[in-house]
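Student: This structure is in structure tokens; I'll ask about it shortly.
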Amino acid sequence: GDEGGFAPPCDARSGVELIMEAIEAAGYAGKCSVGLDVAASEFKVPGEDCYDLGLFYPQDERDADPSLKKTAAELAAFYEELCADFPIITIEDAFDQDDWPAWSNVCAKIGDKVQLVGDDLTVTNPTRIAEAIDKQACNALLLKVN
């Protein structure tokens with residue numbers, strides 16, 4: 001997984017399905033909600049409207065599945081699908097920290113149903129927080145008192 005996290009060898013949808021299976025197996029079906037920390041800045045292709053969901057896959061798997069590369073609009077639609085299919089209540093770092101249009105787009109589409117946390121987007125920076133408010137780019141942030 002990214003940033004030292006554990007991740008099973010599966011795609012994002014299958015990962016959420018595994019979480020839901022675990023919730024059900026533990027007897028908590030209908031009692032738990034899901035939060036995602038996407039860390040999308042880690043797989044944004046620099047200089048392109050492209051998010052490479054297969055960035056950490058073996059090269060042959062990446063080459064075999066062109067659907068792993070998504071535009072910001074396609075990634076937003078993917079989040080919408082996940083939120084419709086699973087009890088997702090929060091998504092952190094859904095897009096690259098400088099992809100303001102993507103943030104504003106997804107917030108307009110699902111921000112009334114899902115907490116969209118701009119951690120990397122705002123980085124506890126008053127100027128970036130003001131810009132996020134002005135652009136309606138997220139509806140939540142992490143405030144790190146360092």
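By order in the structure tokens, chains are A, B, ...; within a chain, residues start at 1; ligands start at 1, following the order shown.
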Can you tell me which residues surround Lys70 (chain A) at a distance of at most 7 Å, considering only C-alpha atoms, apart from same-chain residues fewer than 2 positions away, and format the answer as a ChimeraX atom specification?
Tutor: /A:50-52,67-68,72,74-75
Student: Could you save the residues just selected, with N, CA, C and O atoms, as a JSON list (two decimals), in the first residue's frame?
Tutor:
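Resulting contents of result_33.json:
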```json
[["chain", "number", "residue", "atom", "x", "y", "z"],
["A", 50, "CYS", "N", -4.85, 13.08, -15.88],
["A", 50, "CYS", "CA", -4.79, 11.63, -15.79],
["A", 50, "CYS", "C", -4.41, 11.20, -14.37],
["A", 50, "CYS", "O", -3.46, 11.71, -13.78],
["A", 51, "TYR", "N", -5.19, 10.27, -13.86],
["A", 51, "TYR", "CA", -4.91, 9.61, -12.59],
["A", 51, "TYR", "C", -4.68, 8.14, -12.90],
["A", 51, "TYR", "O", -5.55, 7.48, -13.45],
["A", 52, "ASP", "N", -3.50, 7.64, -12.56],
["A", 52, "ASP", "CA", -3.12, 6.27, -12.89],
["A", 52, "ASP", "C", -3.36, 5.36, -11.69],
["A", 52, "ASP", "O", -2.51, 5.23, -10.81],
["A", 67, "SER", "N", -8.15, 0.94, -18.59],
["A", 67, "SER", "CA", -9.16, 1.60, -17.75],
["A", 67, "SER", "C", -8.60, 2.04, -16.41],
["A", 67, "SER", "O", -9.27, 2.78, -15.67],
["A", 68, "LEU", "N", -7.38, 1.63, -16.08],
["A", 68, "LEU", "CA", -6.75, 2.07, -14.84],
["A", 68, "LEU", "C", -6.37, 3.54, -14.89],
["A", 68, "LEU", "O", -6.19, 4.17, -13.85],
["A", 72, "ALA", "N", -9.88, 13.24, -14.54],
["A", 72, "ALA", "CA", -10.48, 13.70, -13.28],
["A", 72, "ALA", "C", -11.99, 13.48, -13.30],
["A", 72, "ALA", "O", -12.57, 13.06, -12.30],
["A", 74, "GLU", "N", -13.65, 11.19, -14.97],
["A", 74, "GLU", "CA", -13.90, 9.74, -14.84],
["A", 74, "GLU", "C", -13.68, 9.28, -13.40],
["A", 74, "GLU", "O", -14.44, 8.45, -12.89],
["A", 75, "LEU", "N", -12.68, 9.83, -12.75],
["A", 75, "LEU", "CA", -12.42, 9.48, -11.35],
["A", 75, "LEU", "C", -13.56, 9.97, -10.47],
["A", 75, "LEU", "O", -14.01, 9.25, -9.57]]
```
Student: Write out as a ChimeraX atom specification the set of residues from region 7-145 of chain A that DSSP, computed on the backbone, places in strand (DSSP E).
Tutor: /A:34-37,51-52,69-70,88-92,115-117
Student: Please identify all polymer residues within 8 Å of Val38 (chain A), counting only C-alpha atoms, omitting same-chain residues fewer than 4 positions from it, and present them as a ChimeraX atom specification.
Tutor: /A:91-95
Student: Take the residues from that selection and write them out as a PDB file, in the first residue's frame, keeping C-alpha atoms.
Tutor:
```
ATOM      1  CA  ILE A  91     -13.353  10.697   1.032  1.00  0.00           C
ATOM      2  CA  GLU A  92     -10.031  12.328   1.826  1.00  0.00           C
ATOM      3  CA  ASP A  93      -7.614  13.602  -0.812  1.00  0.00           C
ATOM      4  CA  ALA A  94      -9.859  12.581  -3.722  1.00  0.00           C
ATOM      5  CA  PHE A  95      -7.725  14.489  -6.251  1.00  0.00           C
TER       6      PHE A  95
END
```
Student: Counting only C-alpha atoms, which residue out of A:Gln59, A:Gln97, A:Asn146, A:Gln115 sits closest to Ala132 (chain A)?
Tutor: A:Gln97
Student: Using only C-alpha atoms, which residue out of A:Ala102, A:Glu131, A:Val34, A:Thr71 lies closest to Ile19 (chain A)?
Tutor: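 Distance minimum relative to Ile19 (chain A) lands on A:Val34.
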Student: For Asp98 (chain A), which of A:Lys69, A:Ala77, A:Arg128, A:Asp85 is the closest residue, counting only C-alpha atoms?
Tutor: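 Going through A:Lys69, A:Ala77, A:Arg128, A:Asp85 one by one, the smallest distance to Asp98 (chain A) is for A:Arg128.
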Student: Restricting the calculation to only C-alpha atoms, which member of A:Pro87, A:Asp65, A:Trp103, A:Lys109 is positioned closest to Lys31 (chain A)?
Tutor: A:Pro87
Student: Give the answer as one residue: which of A:Glu81, A:Asp134, A:Glu24, A:Asp99 has the shortest atom-to-atom distance to Lys44 (chain A), using only C-alpha atoms?
Tutor: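 Of A:Glu81, A:Asp134, A:Glu24, A:Asp99, the one nearest Lys44 (chain A), counting only C-alpha atoms, is A:Asp99.
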Student: Just asking: which residues within region 6-132 of chain A are helix (DSSP H, G or I) according to DSSP, as an MDAnalysis selection string?
Tutor: chainID A and resid 12:25 40:42 59:64 66:68 72:85 100:110 119:122 126:132
Student: Could you tell me which of A:Val145, A:Thr124, A:Leu116, A:Phe86 comes closest to Ile23 (chain A) if we count only C-alpha atoms?
Tutor: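 Ranked by minimum distance to Ile23 (chain A), first place goes to A:Phe86.
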Student: At what distance in Å, to one decimal, does CA of Cys138 (chain A) lie from CA of Gly111 (chain A)?
Tutor: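 Here the two named atoms are 7.4 Å from each other.
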Student: Can you pull out every residue within 9 Å of Val123 (chain A), counting only C-alpha atoms, but drop anything in the same chain fewer than 4 positions away, and send it as an MDAnalysis selection string?
Tutor: chainID A and resid 97 118:119 128:129 141:144
Student: Deliver the residues from the most recent selection as a file, using N, CA and C atoms, as a tab-separated table (two decimals), in the first residue's frame.
Tutor:
```
chain	number	residue	atom	x	y	z
A	97	GLN	N	-3.60	17.82	-5.10
A	97	GLN	CA	-3.76	19.05	-4.32
A	97	GLN	C	-3.86	20.31	-5.18
A	118	GLY	N	-10.30	17.90	2.28
A	118	GLY	CA	-9.14	18.45	1.59
A	118	GLY	C	-7.97	18.54	2.53
A	119	ASP	N	-7.26	17.45	2.71
A	119	ASP	CA	-6.08	17.45	3.56
A	119	ASP	C	-4.90	18.00	2.78
A	128	ARG	N	-4.69	28.62	1.21
A	128	ARG	CA	-5.30	27.51	0.48
A	128	ARG	C	-6.70	27.20	1.03
A	129	ILE	N	-6.89	27.35	2.33
A	129	ILE	CA	-8.21	27.14	2.92
A	129	ILE	C	-9.19	28.16	2.35
A	141	LEU	N	-11.90	19.76	6.13
A	141	LEU	CA	-10.45	19.79	6.05
A	141	LEU	C	-9.88	19.23	7.33
A	142	LEU	N	-8.62	18.85	7.26
A	142	LEU	CA	-7.88	18.44	8.45
A	142	LEU	C	-7.10	19.66	8.92
A	143	LEU	N	-7.25	19.99	10.16
A	143	LEU	CA	-6.49	21.09	10.73
A	143	LEU	C	-5.41	20.48	11.61
A	144	LYS	N	-4.18	20.66	11.23
A	144	LYS	CA	-3.05	20.09	11.96
A	144	LYS	C	-2.37	21.20	12.76
```
Student: Give me the residues within 12 Å of Val16 (chain A) as a PyMOL selection string, counting only C-alpha atoms and dropping any in the same chain fewer than 4 places off.
Tutor: chain A and resi 7-8+10-12+20-23+33-36+79+81-83+85-88
Student: Just write the chosen residues, all heavy atoms, as a compact mmCIF listing (two decimals), in the first residue's frame.
Tutor:
```txt
# COMPACT_ATOMS: atom_id res chain seq x y z
N ALA A 7 -2.25 -2.96 1.83
CA ALA A 7 -3.32 -3.02 0.84
C ALA A 7 -3.32 -4.40 0.20
O ALA A 7 -2.28 -4.88 -0.25
CB ALA A 7 -3.11 -1.95 -0.23
N PRO A 8 -4.45 -5.05 0.18
CA PRO A 8 -4.52 -6.35 -0.49
C PRO A 8 -4.35 -6.17 -2.00
O PRO A 8 -4.61 -5.08 -2.52
CB PRO A 8 -5.92 -6.86 -0.15
CG PRO A 8 -6.71 -5.65 0.18
CD PRO A 8 -5.74 -4.64 0.73
N CYS A 10 -5.72 -5.96 -4.92
CA CYS A 10 -7.00 -5.86 -5.63
C CYS A 10 -7.24 -4.42 -6.05
O CYS A 10 -6.55 -3.52 -5.59
CB CYS A 10 -8.15 -6.34 -4.73
SG CYS A 10 -8.40 -5.35 -3.25
N ASP A 11 -8.23 -4.22 -6.91
CA ASP A 11 -8.55 -2.87 -7.33
C ASP A 11 -9.39 -2.17 -6.26
O ASP A 11 -9.79 -2.79 -5.27
CB ASP A 11 -9.24 -2.85 -8.70
CG ASP A 11 -10.58 -3.57 -8.69
OD1 ASP A 11 -11.29 -3.57 -7.67
OD2 ASP A 11 -10.94 -4.13 -9.75
N ALA A 12 -9.67 -0.89 -6.46
CA ALA A 12 -10.35 -0.09 -5.45
C ALA A 12 -11.74 -0.62 -5.12
O ALA A 12 -12.11 -0.74 -3.95
CB ALA A 12 -10.43 1.37 -5.91
N MET A 20 -16.58 -4.44 3.15
CA MET A 20 -17.98 -4.72 3.44
C MET A 20 -18.19 -6.17 3.88
O MET A 20 -18.97 -6.44 4.79
CB MET A 20 -18.87 -4.37 2.23
CG MET A 20 -18.86 -2.90 1.85
SD MET A 20 -19.18 -1.75 3.22
CE MET A 20 -20.82 -2.25 3.70
N GLU A 21 -17.47 -7.08 3.25
CA GLU A 21 -17.54 -8.49 3.66
C GLU A 21 -17.04 -8.66 5.10
O GLU A 21 -17.63 -9.41 5.88
CB GLU A 21 -16.71 -9.36 2.72
CG GLU A 21 -17.32 -9.57 1.35
CD GLU A 21 -16.41 -10.37 0.43
OE1 GLU A 21 -15.58 -11.17 0.92
OE2 GLU A 21 -16.52 -10.17 -0.80
N ALA A 22 -15.97 -7.97 5.44
CA ALA A 22 -15.42 -8.06 6.79
C ALA A 22 -16.41 -7.49 7.81
O ALA A 22 -16.59 -8.06 8.90
CB ALA A 22 -14.08 -7.33 6.87
N ILE A 23 -17.04 -6.38 7.47
CA ILE A 23 -18.04 -5.78 8.36
C ILE A 23 -19.19 -6.76 8.59
O ILE A 23 -19.63 -6.97 9.73
CB ILE A 23 -18.55 -4.44 7.77
CG1 ILE A 23 -17.45 -3.38 7.85
CG2 ILE A 23 -19.82 -3.98 8.48
CD1 ILE A 23 -17.75 -2.11 7.07
N SER A 33 -20.03 2.58 8.56
CA SER A 33 -19.84 3.33 7.33
C SER A 33 -18.37 3.28 6.97
O SER A 33 -17.52 2.90 7.78
CB SER A 33 -20.29 4.79 7.53
OG SER A 33 -21.65 4.85 7.87
N VAL A 34 -18.07 3.68 5.74
CA VAL A 34 -16.71 3.55 5.22
C VAL A 34 -16.14 4.94 4.90
O VAL A 34 -16.86 5.81 4.39
CB VAL A 34 -16.71 2.68 3.95
CG1 VAL A 34 -15.33 2.60 3.32
CG2 VAL A 34 -17.23 1.28 4.27
N GLY A 35 -14.86 5.11 5.18
CA GLY A 35 -14.14 6.30 4.80
C GLY A 35 -12.94 5.91 3.96
O GLY A 35 -12.31 4.88 4.20
N LEU A 36 -12.63 6.72 2.96
CA LEU A 36 -11.51 6.45 2.07
C LEU A 36 -10.50 7.59 2.16
O LEU A 36 -10.88 8.76 2.12
CB LEU A 36 -11.99 6.35 0.61
CG LEU A 36 -13.11 5.38 0.29
CD1 LEU A 36 -13.52 5.53 -1.17
CD2 LEU A 36 -12.68 3.96 0.59
N TYR A 79 -16.01 7.74 -8.05
CA TYR A 79 -16.37 8.01 -6.65
C TYR A 79 -17.88 8.04 -6.47
O TYR A 79 -18.40 7.51 -5.48
CB TYR A 79 -15.78 9.35 -6.19
CG TYR A 79 -14.28 9.42 -6.12
CD1 TYR A 79 -13.62 10.60 -6.43
CD2 TYR A 79 -13.50 8.33 -5.73
CE1 TYR A 79 -12.24 10.70 -6.37
CE2 TYR A 79 -12.12 8.41 -5.68
CZ TYR A 79 -11.49 9.60 -5.99
OH TYR A 79 -10.12 9.70 -5.93
N GLU A 81 -20.09 6.40 -8.18
CA GLU A 81 -20.55 5.01 -8.22
C GLU A 81 -20.29 4.30 -6.90
O GLU A 81 -21.17 3.60 -6.37
CB GLU A 81 -19.85 4.25 -9.35
CG GLU A 81 -20.24 4.65 -10.74
CD GLU A 81 -19.34 4.00 -11.79
OE1 GLU A 81 -18.66 3.00 -11.50
OE2 GLU A 81 -19.30 4.53 -12.93
N LEU A 82 -19.09 4.47 -6.37
CA LEU A 82 -18.76 3.83 -5.09
C LEU A 82 -19.69 4.32 -3.98
O LEU A 82 -20.17 3.51 -3.17
CB LEU A 82 -17.30 4.11 -4.70
CG LEU A 82 -16.21 3.40 -5.49
CD1 LEU A 82 -14.83 3.85 -5.00
CD2 LEU A 82 -16.35 1.89 -5.40
N CYS A 83 -19.95 5.62 -3.96
CA CYS A 83 -20.83 6.18 -2.92
C CYS A 83 -22.27 5.70 -3.07
O CYS A 83 -22.99 5.57 -2.08
CB CYS A 83 -20.76 7.70 -2.93
SG CYS A 83 -19.16 8.34 -2.37
N ASP A 85 -23.04 2.71 -4.25
CA ASP A 85 -23.06 1.27 -4.02
C ASP A 85 -22.67 0.86 -2.60
O ASP A 85 -22.97 -0.26 -2.18
CB ASP A 85 -22.12 0.57 -5.00
CG ASP A 85 -22.57 0.70 -6.45
OD1 ASP A 85 -23.75 1.04 -6.68
OD2 ASP A 85 -21.75 0.47 -7.35
N PHE A 86 -21.99 1.74 -1.88
CA PHE A 86 -21.48 1.39 -0.55
C PHE A 86 -21.76 2.54 0.42
O PHE A 86 -21.90 3.69 0.00
CB PHE A 86 -19.97 1.13 -0.61
CG PHE A 86 -19.58 0.05 -1.57
CD1 PHE A 86 -19.05 0.35 -2.81
CD2 PHE A 86 -19.76 -1.30 -1.24
CE1 PHE A 86 -18.69 -0.64 -3.71
CE2 PHE A 86 -19.40 -2.30 -2.12
CZ PHE A 86 -18.86 -1.98 -3.37
N PRO A 87 -21.77 2.26 1.72
CA PRO A 87 -22.04 3.32 2.71
C PRO A 87 -20.80 4.17 2.99
O PRO A 87 -20.29 4.23 4.12
CB PRO A 87 -22.48 2.53 3.94
CG PRO A 87 -21.73 1.24 3.84
CD PRO A 87 -21.69 0.94 2.36
N ILE A 88 -20.32 4.84 1.95
CA ILE A 88 -19.14 5.70 2.08
C ILE A 88 -19.61 7.07 2.57
O ILE A 88 -20.51 7.67 1.98
CB ILE A 88 -18.40 5.81 0.74
CG1 ILE A 88 -17.83 4.44 0.37
CG2 ILE A 88 -17.30 6.87 0.82
CD1 ILE A 88 -17.23 4.36 -1.01
```
